[in-house]
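Engineer: For reference, the file data.txt (compact mmCIF, N, CA and C atoms) is included below:
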```
# COMPACT_ATOMS: atom_id res chain seq x y z
N MET A 750 8.73 -17.02 0.23
CA MET A 750 8.63 -15.61 -0.17
C MET A 750 7.88 -14.84 0.93
N SER A 751 8.41 -13.68 1.29
CA SER A 751 7.76 -12.89 2.34
C SER A 751 6.41 -12.36 1.86
N GLN A 752 5.57 -11.97 2.81
CA GLN A 752 4.27 -11.37 2.47
C GLN A 752 4.49 -10.14 1.59
N PHE A 753 5.47 -9.34 1.97
CA PHE A 753 5.77 -8.11 1.22
C PHE A 753 6.08 -8.44 -0.24
N ASN A 754 7.02 -9.38 -0.46
CA ASN A 754 7.41 -9.72 -1.83
C ASN A 754 6.27 -10.33 -2.63
N GLN A 755 5.47 -11.18 -1.98
CA GLN A 755 4.32 -11.77 -2.66
C GLN A 755 3.34 -10.68 -3.07
N PHE A 756 3.07 -9.76 -2.15
CA PHE A 756 2.15 -8.65 -2.41
C PHE A 756 2.64 -7.83 -3.61
N ILE A 757 3.91 -7.43 -3.59
CA ILE A 757 4.48 -6.61 -4.66
C ILE A 757 4.40 -7.34 -6.00
N LYS A 758 4.81 -8.61 -6.03
CA LYS A 758 4.78 -9.38 -7.28
C LYS A 758 3.37 -9.48 -7.84
N GLU A 759 2.40 -9.79 -6.97
CA GLU A 759 1.01 -9.95 -7.43
C GLU A 759 0.42 -8.65 -7.94
N ILE A 760 0.60 -7.55 -7.20
CA ILE A 760 -0.03 -6.30 -7.64
C ILE A 760 0.62 -5.77 -8.92
N CYS A 761 1.91 -6.01 -9.09
CA CYS A 761 2.59 -5.56 -10.31
C CYS A 761 2.19 -6.42 -11.50
N SER A 762 2.00 -7.70 -11.27
CA SER A 762 1.59 -8.61 -12.32
C SER A 762 0.15 -8.32 -12.78
N GLU A 763 -0.74 -8.11 -11.82
CA GLU A 763 -2.16 -7.87 -12.12
C GLU A 763 -2.47 -6.39 -12.40
N GLU A 764 -1.54 -5.53 -11.99
CA GLU A 764 -1.70 -4.07 -12.10
C GLU A 764 -2.94 -3.56 -11.37
N LYS A 765 -3.25 -4.21 -10.23
CA LYS A 765 -4.34 -3.72 -9.38
C LYS A 765 -4.11 -4.14 -7.94
N VAL A 766 -4.76 -3.40 -7.06
CA VAL A 766 -4.69 -3.61 -5.63
C VAL A 766 -6.14 -3.68 -5.13
N TYR A 767 -6.36 -4.44 -4.10
CA TYR A 767 -7.71 -4.58 -3.55
C TYR A 767 -7.79 -3.88 -2.20
N ILE A 768 -8.95 -3.27 -1.95
CA ILE A 768 -9.20 -2.56 -0.70
C ILE A 768 -10.62 -2.87 -0.27
N LEU A 769 -10.85 -2.89 1.03
CA LEU A 769 -12.20 -3.10 1.56
C LEU A 769 -12.78 -1.74 1.92
N THR A 770 -14.00 -1.48 1.43
CA THR A 770 -14.64 -0.19 1.70
C THR A 770 -16.05 -0.41 2.26
N SER A 771 -16.49 0.59 3.00
CA SER A 771 -17.87 0.62 3.51
C SER A 771 -18.30 2.07 3.56
N ASP A 772 -19.52 2.30 4.02
CA ASP A 772 -20.01 3.68 4.17
C ASP A 772 -19.14 4.46 5.16
N GLU A 773 -18.51 3.77 6.08
CA GLU A 773 -17.66 4.42 7.08
C GLU A 773 -16.26 4.72 6.54
N GLY A 774 -15.89 4.11 5.43
CA GLY A 774 -14.55 4.35 4.89
C GLY A 774 -13.85 3.05 4.52
N PHE A 775 -12.54 3.06 4.68
CA PHE A 775 -11.71 1.93 4.28
C PHE A 775 -11.43 1.03 5.47
N ALA A 776 -10.97 -0.18 5.16
CA ALA A 776 -10.50 -1.08 6.22
C ALA A 776 -9.20 -0.52 6.77
N ILE A 777 -9.25 -0.13 8.03
CA ILE A 777 -8.03 0.40 8.67
C ILE A 777 -7.76 -0.40 9.94
N SER A 778 -6.54 -0.30 10.37
CA SER A 778 -6.12 -0.92 11.62
C SER A 778 -5.15 0.07 12.27
N TYR A 779 -4.58 -0.34 13.38
CA TYR A 779 -3.62 0.54 14.05
C TYR A 779 -2.36 -0.25 14.36
N SER A 780 -1.24 0.40 14.16
CA SER A 780 0.06 -0.24 14.30
C SER A 780 0.31 -0.71 15.73
N GLU A 781 0.92 -1.87 15.84
CA GLU A 781 1.35 -2.35 17.14
C GLU A 781 2.80 -1.95 17.39
N GLU A 782 3.46 -1.44 16.34
CA GLU A 782 4.88 -1.11 16.44
C GLU A 782 5.18 0.39 16.46
N PHE A 783 4.39 1.17 15.71
CA PHE A 783 4.74 2.57 15.48
C PHE A 783 3.69 3.51 16.05
N GLU A 784 4.18 4.64 16.59
CA GLU A 784 3.29 5.62 17.21
C GLU A 784 3.52 7.01 16.62
N TYR A 785 2.46 7.82 16.69
CA TYR A 785 2.59 9.24 16.40
C TYR A 785 3.31 9.88 17.59
N GLU A 786 3.69 11.14 17.44
CA GLU A 786 4.40 11.84 18.52
C GLU A 786 3.57 11.93 19.79
N ASP A 787 2.23 11.92 19.65
CA ASP A 787 1.37 12.02 20.84
C ASP A 787 1.19 10.67 21.55
N GLY A 788 1.84 9.62 21.03
CA GLY A 788 1.76 8.32 21.68
C GLY A 788 0.67 7.41 21.16
N SER A 789 -0.22 7.95 20.31
CA SER A 789 -1.26 7.09 19.73
C SER A 789 -0.67 6.25 18.59
N ASN A 790 -1.28 5.10 18.34
CA ASN A 790 -0.75 4.19 17.34
C ASN A 790 -1.01 4.70 15.92
N LEU A 791 -0.03 4.52 15.07
CA LEU A 791 -0.14 4.95 13.67
C LEU A 791 -1.28 4.21 12.97
N GLU A 792 -1.99 4.93 12.11
CA GLU A 792 -3.06 4.33 11.34
C GLU A 792 -2.47 3.51 10.19
N ILE A 793 -3.12 2.39 9.93
CA ILE A 793 -2.73 1.52 8.80
C ILE A 793 -3.93 1.42 7.87
N ILE A 794 -3.73 1.71 6.60
CA ILE A 794 -4.76 1.45 5.60
C ILE A 794 -4.41 0.11 4.97
N CYS A 795 -5.38 -0.81 4.97
CA CYS A 795 -5.11 -2.19 4.55
C CYS A 795 -5.41 -2.41 3.07
N PHE A 796 -4.52 -3.13 2.42
CA PHE A 796 -4.65 -3.48 1.01
C PHE A 796 -4.35 -4.96 0.83
N TRP A 797 -4.93 -5.53 -0.24
CA TRP A 797 -4.72 -6.95 -0.52
C TRP A 797 -4.28 -7.11 -1.97
N SER A 798 -3.53 -8.20 -2.20
CA SER A 798 -3.00 -8.45 -3.54
C SER A 798 -3.90 -9.35 -4.37
N ASN A 799 -4.93 -9.94 -3.75
CA ASN A 799 -5.89 -10.72 -4.54
C ASN A 799 -7.23 -10.79 -3.81
N THR A 800 -8.26 -11.19 -4.53
CA THR A 800 -9.61 -11.18 -3.96
C THR A 800 -9.79 -12.25 -2.88
N ASP A 801 -9.09 -13.39 -3.01
CA ASP A 801 -9.23 -14.44 -1.99
C ASP A 801 -8.79 -13.95 -0.63
N LEU A 802 -7.64 -13.28 -0.58
CA LEU A 802 -7.14 -12.76 0.69
C LEU A 802 -8.06 -11.66 1.23
N ALA A 803 -8.55 -10.80 0.34
CA ALA A 803 -9.46 -9.72 0.77
C ALA A 803 -10.76 -10.32 1.31
N GLU A 804 -11.25 -11.35 0.65
CA GLU A 804 -12.49 -12.01 1.07
C GLU A 804 -12.33 -12.64 2.45
N LYS A 805 -11.19 -13.28 2.70
CA LYS A 805 -10.92 -13.90 4.01
C LYS A 805 -10.90 -12.85 5.13
N ALA A 806 -10.45 -11.65 4.80
CA ALA A 806 -10.33 -10.59 5.82
C ALA A 806 -11.68 -9.96 6.16
N LYS A 807 -12.70 -10.24 5.34
CA LYS A 807 -14.02 -9.61 5.55
C LYS A 807 -14.76 -10.27 6.71
N GLN A 808 -14.24 -10.12 7.90
CA GLN A 808 -14.87 -10.66 9.09
C GLN A 808 -14.78 -9.62 10.19
N ASN A 809 -15.45 -9.90 11.28
CA ASN A 809 -15.41 -9.03 12.45
C ASN A 809 -15.69 -7.58 12.07
N GLN A 810 -14.75 -6.66 12.33
CA GLN A 810 -15.05 -5.24 12.08
C GLN A 810 -15.16 -4.91 10.59
N TRP A 811 -14.71 -5.80 9.70
CA TRP A 811 -14.79 -5.53 8.26
C TRP A 811 -15.88 -6.36 7.56
N ALA A 812 -16.75 -6.99 8.34
CA ALA A 812 -17.77 -7.87 7.77
C ALA A 812 -18.72 -7.13 6.82
N ASN A 813 -18.96 -5.85 7.07
CA ASN A 813 -19.89 -5.09 6.23
C ASN A 813 -19.20 -4.36 5.08
N HIS A 814 -17.93 -4.63 4.85
CA HIS A 814 -17.17 -3.97 3.77
C HIS A 814 -17.31 -4.76 2.48
N LYS A 815 -17.12 -4.06 1.38
CA LYS A 815 -17.09 -4.73 0.08
C LYS A 815 -15.70 -4.55 -0.53
N ILE A 816 -15.37 -5.45 -1.45
CA ILE A 816 -14.06 -5.40 -2.09
C ILE A 816 -14.10 -4.46 -3.27
N ASP A 817 -13.19 -3.51 -3.29
CA ASP A 817 -13.02 -2.60 -4.42
C ASP A 817 -11.61 -2.78 -4.96
N THR A 818 -11.40 -2.33 -6.19
CA THR A 818 -10.05 -2.39 -6.75
C THR A 818 -9.55 -0.99 -7.03
N ILE A 819 -8.25 -0.86 -6.96
CA ILE A 819 -7.56 0.38 -7.32
C ILE A 819 -6.51 -0.02 -8.35
N ASP A 820 -6.47 0.70 -9.48
CA ASP A 820 -5.45 0.32 -10.45
C ASP A 820 -4.08 0.71 -9.92
N LEU A 821 -3.09 -0.05 -10.34
CA LEU A 821 -1.74 0.09 -9.79
C LEU A 821 -1.19 1.51 -9.95
N ARG A 822 -1.42 2.13 -11.10
CA ARG A 822 -0.92 3.50 -11.31
C ARG A 822 -1.48 4.45 -10.27
N THR A 823 -2.79 4.39 -10.02
CA THR A 823 -3.42 5.25 -9.02
C THR A 823 -2.89 4.95 -7.62
N PHE A 824 -2.75 3.67 -7.32
CA PHE A 824 -2.21 3.26 -6.02
C PHE A 824 -0.80 3.83 -5.82
N LEU A 825 0.02 3.69 -6.84
CA LEU A 825 1.41 4.14 -6.77
C LEU A 825 1.51 5.66 -6.70
N GLU A 826 0.86 6.34 -7.63
CA GLU A 826 1.06 7.79 -7.77
C GLU A 826 0.21 8.63 -6.81
N GLU A 827 -0.95 8.13 -6.42
CA GLU A 827 -1.85 8.95 -5.60
C GLU A 827 -1.98 8.42 -4.17
N TRP A 828 -2.37 7.17 -4.02
CA TRP A 828 -2.60 6.63 -2.69
C TRP A 828 -1.32 6.65 -1.83
N LEU A 829 -0.26 6.04 -2.35
CA LEU A 829 0.94 5.89 -1.52
C LEU A 829 1.58 7.23 -1.17
N PHE A 830 1.62 8.15 -2.14
CA PHE A 830 2.19 9.48 -1.82
C PHE A 830 1.27 10.24 -0.86
N GLY A 831 -0.04 10.03 -0.99
CA GLY A 831 -0.99 10.62 -0.04
C GLY A 831 -0.79 10.08 1.36
N MET A 832 -0.48 8.79 1.44
CA MET A 832 -0.26 8.16 2.74
C MET A 832 1.03 8.65 3.39
N ILE A 833 2.00 9.03 2.58
CA ILE A 833 3.22 9.65 3.14
C ILE A 833 2.83 10.96 3.82
N GLU A 834 2.03 11.77 3.13
CA GLU A 834 1.60 13.06 3.69
C GLU A 834 0.76 12.87 4.95
N GLU A 835 -0.12 11.87 4.94
CA GLU A 835 -1.02 11.63 6.07
C GLU A 835 -0.34 10.87 7.21
N VAL A 836 0.88 10.42 6.98
CA VAL A 836 1.63 9.61 7.94
C VAL A 836 0.83 8.35 8.31
N SER A 837 0.47 7.60 7.29
CA SER A 837 -0.21 6.32 7.47
C SER A 837 0.71 5.21 6.99
N LEU A 838 0.49 4.02 7.51
CA LEU A 838 1.23 2.85 7.07
C LEU A 838 0.40 2.03 6.09
N VAL A 839 1.08 1.18 5.34
CA VAL A 839 0.42 0.27 4.41
C VAL A 839 0.28 -1.08 5.10
N GLY A 840 -0.97 -1.56 5.18
CA GLY A 840 -1.22 -2.89 5.71
C GLY A 840 -1.27 -3.86 4.55
N ILE A 841 -0.46 -4.90 4.62
CA ILE A 841 -0.34 -5.83 3.50
C ILE A 841 -1.01 -7.15 3.83
N ASN A 842 -2.03 -7.48 3.03
CA ASN A 842 -2.71 -8.78 3.11
C ASN A 842 -3.07 -9.17 4.54
N PHE A 843 -3.72 -8.24 5.26
CA PHE A 843 -4.17 -8.54 6.62
C PHE A 843 -5.15 -9.70 6.59
N ASP A 844 -5.16 -10.49 7.67
CA ASP A 844 -6.04 -11.66 7.72
C ASP A 844 -7.32 -11.35 8.49
N GLU A 845 -8.10 -12.42 8.77
CA GLU A 845 -9.39 -12.25 9.44
C GLU A 845 -9.24 -11.78 10.88
N THR A 846 -8.04 -11.82 11.44
CA THR A 846 -7.82 -11.32 12.80
C THR A 846 -7.28 -9.89 12.78
N SER A 847 -7.32 -9.25 11.60
CA SER A 847 -6.81 -7.89 11.41
C SER A 847 -5.32 -7.79 11.67
N LYS A 848 -4.61 -8.85 11.35
CA LYS A 848 -3.15 -8.86 11.48
C LYS A 848 -2.52 -9.10 10.11
N GLY A 849 -1.40 -8.45 9.90
CA GLY A 849 -0.67 -8.61 8.65
C GLY A 849 0.63 -7.83 8.75
N GLU A 850 1.26 -7.65 7.64
CA GLU A 850 2.53 -6.93 7.63
C GLU A 850 2.27 -5.43 7.52
N GLU A 851 3.02 -4.65 8.31
CA GLU A 851 2.94 -3.19 8.27
C GLU A 851 4.19 -2.68 7.57
N ASP A 852 4.00 -1.84 6.55
CA ASP A 852 5.16 -1.28 5.85
C ASP A 852 4.94 0.20 5.60
N SER A 853 6.05 0.91 5.44
CA SER A 853 5.95 2.34 5.14
C SER A 853 5.59 2.49 3.66
N PRO A 854 4.86 3.56 3.32
CA PRO A 854 4.57 3.81 1.91
C PRO A 854 5.85 3.94 1.08
N PHE A 855 6.92 4.47 1.70
CA PHE A 855 8.19 4.60 0.99
C PHE A 855 8.67 3.24 0.49
N ASP A 856 8.67 2.25 1.40
CA ASP A 856 9.17 0.92 1.04
C ASP A 856 8.28 0.25 0.00
N VAL A 857 6.98 0.49 0.10
CA VAL A 857 6.06 -0.11 -0.89
C VAL A 857 6.29 0.51 -2.27
N ILE A 858 6.44 1.83 -2.31
CA ILE A 858 6.72 2.50 -3.60
C ILE A 858 8.01 1.94 -4.20
N LEU A 859 9.07 1.87 -3.39
CA LEU A 859 10.35 1.39 -3.91
C LEU A 859 10.26 -0.07 -4.33
N GLY A 860 9.50 -0.87 -3.60
CA GLY A 860 9.29 -2.27 -3.98
C GLY A 860 8.56 -2.40 -5.30
N ILE A 861 7.54 -1.57 -5.49
CA ILE A 861 6.78 -1.59 -6.74
C ILE A 861 7.67 -1.18 -7.91
N ILE A 862 8.41 -0.09 -7.74
CA ILE A 862 9.28 0.39 -8.82
C ILE A 862 10.31 -0.67 -9.18
N HIS A 863 10.92 -1.30 -8.18
CA HIS A 863 11.91 -2.35 -8.44
C HIS A 863 11.28 -3.50 -9.24
N GLU A 864 10.08 -3.92 -8.82
CA GLU A 864 9.42 -5.04 -9.50
C GLU A 864 9.00 -4.66 -10.92
N LEU A 865 8.47 -3.46 -11.10
CA LEU A 865 8.04 -3.02 -12.44
C LEU A 865 9.22 -2.98 -13.40
N LYS A 866 10.37 -2.53 -12.89
CA LYS A 866 11.57 -2.51 -13.73
C LYS A 866 12.05 -3.93 -14.02
N THR A 867 11.98 -4.80 -13.02
CA THR A 867 12.42 -6.20 -13.18
C THR A 867 11.61 -6.92 -14.26
N ILE A 868 10.29 -6.68 -14.28
CA ILE A 868 9.44 -7.38 -15.25
C ILE A 868 9.27 -6.57 -16.55
N ASN A 869 10.04 -5.50 -16.70
CA ASN A 869 9.97 -4.65 -17.90
C ASN A 869 8.54 -4.18 -18.17
N SER A 870 7.88 -3.72 -17.11
CA SER A 870 6.49 -3.25 -17.22
C SER A 870 6.40 -2.02 -18.12
N THR A 871 5.30 -1.92 -18.82
CA THR A 871 5.02 -0.75 -19.67
C THR A 871 3.95 0.13 -19.02
N LEU A 872 3.77 -0.01 -17.71
CA LEU A 872 2.79 0.79 -16.99
C LEU A 872 3.03 2.27 -17.27
N LYS A 873 1.97 2.96 -17.71
CA LYS A 873 2.06 4.39 -18.00
C LYS A 873 1.76 5.19 -16.74
N LEU A 874 2.58 6.19 -16.49
CA LEU A 874 2.40 7.05 -15.32
C LEU A 874 1.81 8.39 -15.74
N ASP A 875 1.00 8.97 -14.87
CA ASP A 875 0.38 10.27 -15.15
C ASP A 875 1.18 11.44 -14.58
N HIS A 876 1.78 11.23 -13.42
CA HIS A 876 2.41 12.34 -12.69
C HIS A 876 3.93 12.30 -12.68
N PHE A 877 4.49 11.29 -13.30
CA PHE A 877 5.94 11.15 -13.33
C PHE A 877 6.40 10.83 -14.74
N LYS A 878 7.64 11.20 -15.03
CA LYS A 878 8.23 10.95 -16.35
C LYS A 878 8.43 9.45 -16.57
N ASP A 879 9.00 8.79 -15.55
CA ASP A 879 9.27 7.36 -15.65
C ASP A 879 9.48 6.78 -14.26
N PHE A 880 9.78 5.48 -14.18
CA PHE A 880 9.95 4.81 -12.89
C PHE A 880 11.10 5.40 -12.09
N ASP A 881 12.18 5.79 -12.77
CA ASP A 881 13.33 6.38 -12.06
C ASP A 881 12.95 7.70 -11.41
N ASP A 882 12.07 8.45 -12.06
CA ASP A 882 11.57 9.71 -11.53
C ASP A 882 10.83 9.47 -10.21
N VAL A 883 10.00 8.41 -10.17
CA VAL A 883 9.27 8.05 -8.95
C VAL A 883 10.27 7.67 -7.85
N LYS A 884 11.25 6.85 -8.22
CA LYS A 884 12.24 6.37 -7.25
C LYS A 884 13.04 7.53 -6.66
N THR A 885 13.47 8.46 -7.51
CA THR A 885 14.25 9.61 -7.06
C THR A 885 13.46 10.45 -6.05
N LEU A 886 12.21 10.77 -6.39
CA LEU A 886 11.38 11.57 -5.48
C LEU A 886 11.15 10.83 -4.17
N THR A 887 10.89 9.54 -4.25
CA THR A 887 10.63 8.74 -3.05
C THR A 887 11.84 8.76 -2.13
N LEU A 888 13.03 8.56 -2.69
CA LEU A 888 14.25 8.55 -1.88
C LEU A 888 14.50 9.93 -1.26
N GLU A 889 14.22 11.01 -2.01
CA GLU A 889 14.38 12.36 -1.47
C GLU A 889 13.41 12.60 -0.32
N LEU A 890 12.15 12.20 -0.51
CA LEU A 890 11.15 12.37 0.55
C LEU A 890 11.52 11.55 1.77
N LYS A 891 11.94 10.31 1.55
CA LYS A 891 12.30 9.42 2.66
C LYS A 891 13.44 10.05 3.47
N GLU A 892 14.41 10.58 2.77
CA GLU A 892 15.55 11.23 3.43
C GLU A 892 15.08 12.43 4.27
N SER A 893 14.20 13.24 3.71
CA SER A 893 13.73 14.44 4.44
C SER A 893 12.88 14.06 5.64
N TYR A 894 12.12 12.96 5.56
CA TYR A 894 11.30 12.53 6.69
C TYR A 894 12.15 11.91 7.79
N ASN A 895 13.30 11.38 7.44
CA ASN A 895 14.14 10.72 8.43
C ASN A 895 15.06 11.69 9.17
N GLN A 896 15.00 12.98 8.85
CA GLN A 896 15.87 13.95 9.50
C GLN A 896 15.26 14.46 10.79
```
Show me this structure written as structure tokens.
Structural biologist:
Amino acid sequence: MSQFNQFIKEICSEEKVYILTSDEGFAISYSEEFEYEDGSNLEIICFWSNTDLAEKAKQNQWANHKIDTIDLRTFLEEWLFGMIEEVSLVGINFDETSKGEEDSPFDVILGIIHELKTINSTLKLDHFKDFDDVKTLTLELKESYNQ
């Protein structure tokens, strides 16, 4: 199973996501693949699907961070859509060398919606009518960003 699929399955099952935080902010990294128009590397905000993986990543530049949780609804409806606006990538289960999978917030949203529907989740949404509503908006936004 890919890192992406494992991440999606775990966060949907547990209905939470883990993030490392400190007084300076969140655990971030910079893309090795994607750049802003000015040539600088895209920012990645890192998330983990379980505490063991988050704990392993707490080394080097993240040694002073603590593990926090974000409930899945907040991650889906607020964080990921905010990251689309900020043009940030999602870092999935980065390791102690600050390496992991980089994905677009669009793909993570669509992966979450697909998994929630697959497992017949009863997750309640605050800003959307239902999972299809989230999927429709995500696909519309993705289309407009790709033009």
Engineer: Give me, as a compact mmCIF listing (two decimals) with N, CA and C atoms, in the frame of the given file, all polymer residues having an atom no more than 8 Å from Thr800 in chain A, counting all atoms listed in the file and skipping those fewer than 3 positions away in the same chain.
Structural biologist:
```txt
# COMPACT_ATOMS: atom_id res chain seq x y z
N VAL A 766 -4.76 -3.40 -7.06
CA VAL A 766 -4.69 -3.61 -5.63
C VAL A 766 -6.14 -3.68 -5.13
N TYR A 767 -6.36 -4.44 -4.10
CA TYR A 767 -7.71 -4.58 -3.55
C TYR A 767 -7.79 -3.88 -2.20
N TRP A 797 -4.93 -5.53 -0.24
CA TRP A 797 -4.72 -6.95 -0.52
C TRP A 797 -4.28 -7.11 -1.97
N ALA A 803 -8.55 -10.80 0.34
CA ALA A 803 -9.46 -9.72 0.77
C ALA A 803 -10.76 -10.32 1.31
N GLU A 804 -11.25 -11.35 0.65
CA GLU A 804 -12.49 -12.01 1.07
C GLU A 804 -12.33 -12.64 2.45
N LYS A 805 -11.19 -13.28 2.70
CA LYS A 805 -10.92 -13.90 4.01
C LYS A 805 -10.90 -12.85 5.13
N ALA A 806 -10.45 -11.65 4.80
CA ALA A 806 -10.33 -10.59 5.82
C ALA A 806 -11.68 -9.96 6.16
N ILE A 816 -15.37 -5.45 -1.45
CA ILE A 816 -14.06 -5.40 -2.09
C ILE A 816 -14.10 -4.46 -3.27
```
Engineer: If you count only C-alpha atoms, which residues fall within 10 Å of range 852-854 of chain A, apart from same-chain ones fewer than 4 positions away, as a PyMOL selection string?
Structural biologist: chain A and resi 753+780+793+825+828-834+836-841+858-860+887+891
Engineer: Suppose you want the space between CA of Phe775 in chain A and CA of Asn895 in chain A; what is it in Å?
Structural biologist: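 Atom-to-atom, CA of Phe775 in chain A and CA of Asn895 in chain A are spaced 27.6 Å apart.
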Engineer: Using only C-alpha atoms, find the one residue out of A:Glu826, A:Ile861, A:Asp856, A:Ser893 that sits nearest to His876 in chain A.
Structural biologist: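 Checking each of A:Glu826, A:Ile861, A:Asp856, A:Ser893 against His876 in chain A, counting only C-alpha atoms, the winner is A:Glu826.
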Engineer: Report, in Å to a single decimal, how far apart atom N of His863 in chain A and atom N of Glu764 in chain A are.
Structural biologist: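 Going from atom N of Glu764 in chain A over to atom N of His863 in chain A, I get 13.7 Å.
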Engineer: I'd like the interatomic distance between atom N of Asp817 in chain A and CA of Glu759 in chain A, to a tenth of an Å.
Structural biologist: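 The value is 16.1 Å.
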Engineer: What residues in range 836-887 of chain A get the DSSP label strand (DSSP E or B)? Please answer as number ranges by chain.
Structural biologist: A: 838-841, 850-852
Engineer: Quick one: of A:Ala812, A:Lys807, A:Ile757, A:Ser762, who's nearest to Val857 in chain A, counting all atoms listed in the file?
Structural biologist: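 Using all atoms listed in the file, the shortest distance to Val857 in chain A belongs to A:Ile757.
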Engineer: Which residues are close to Ser771 in chain A, i.e. within 7 Å by all atoms listed in the file, leaving aside same-chain residues fewer than 2 positions away? Reply as a ChimeraX atom specification.
Structural biologist: /A:769,773-776,813-815
Engineer: Looking at only C-alpha atoms, which of A:Asp787, A:Asp881, A:Glu845, A:Glu851 is the one that sits closest to Leu802 in chain A?
Structural biologist: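 The shortest atom-to-atom distance to Leu802 in chain A comes from A:Glu845.
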Engineer: Which residues, written as a list of chain:residue names, have at least one atom at most 9 Å from range 847-849 of chain A, with only C-alpha atoms counted and residues fewer than 3 positions away on the same chain left out?
Structural biologist: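 Here the qualifying residues turn out to be A:Gln752, A:Ile777, A:Ser778, A:Cys795, A:Ala806, A:Gln808, A:Asn809, A:Gln810, A:Trp811, A:Gly840, A:Ile841, A:Asn842, A:Phe843, A:Asp844.
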Engineer: In terms of the shortest atom-to-atom distance over all atoms listed in the file, which of A:Leu791, A:Ile768, A:Ile862, A:Ile760 is closest to Leu821 in chain A?
Structural biologist: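 Looking at the shortest contact to Leu821 in chain A, the residue is A:Ile760.
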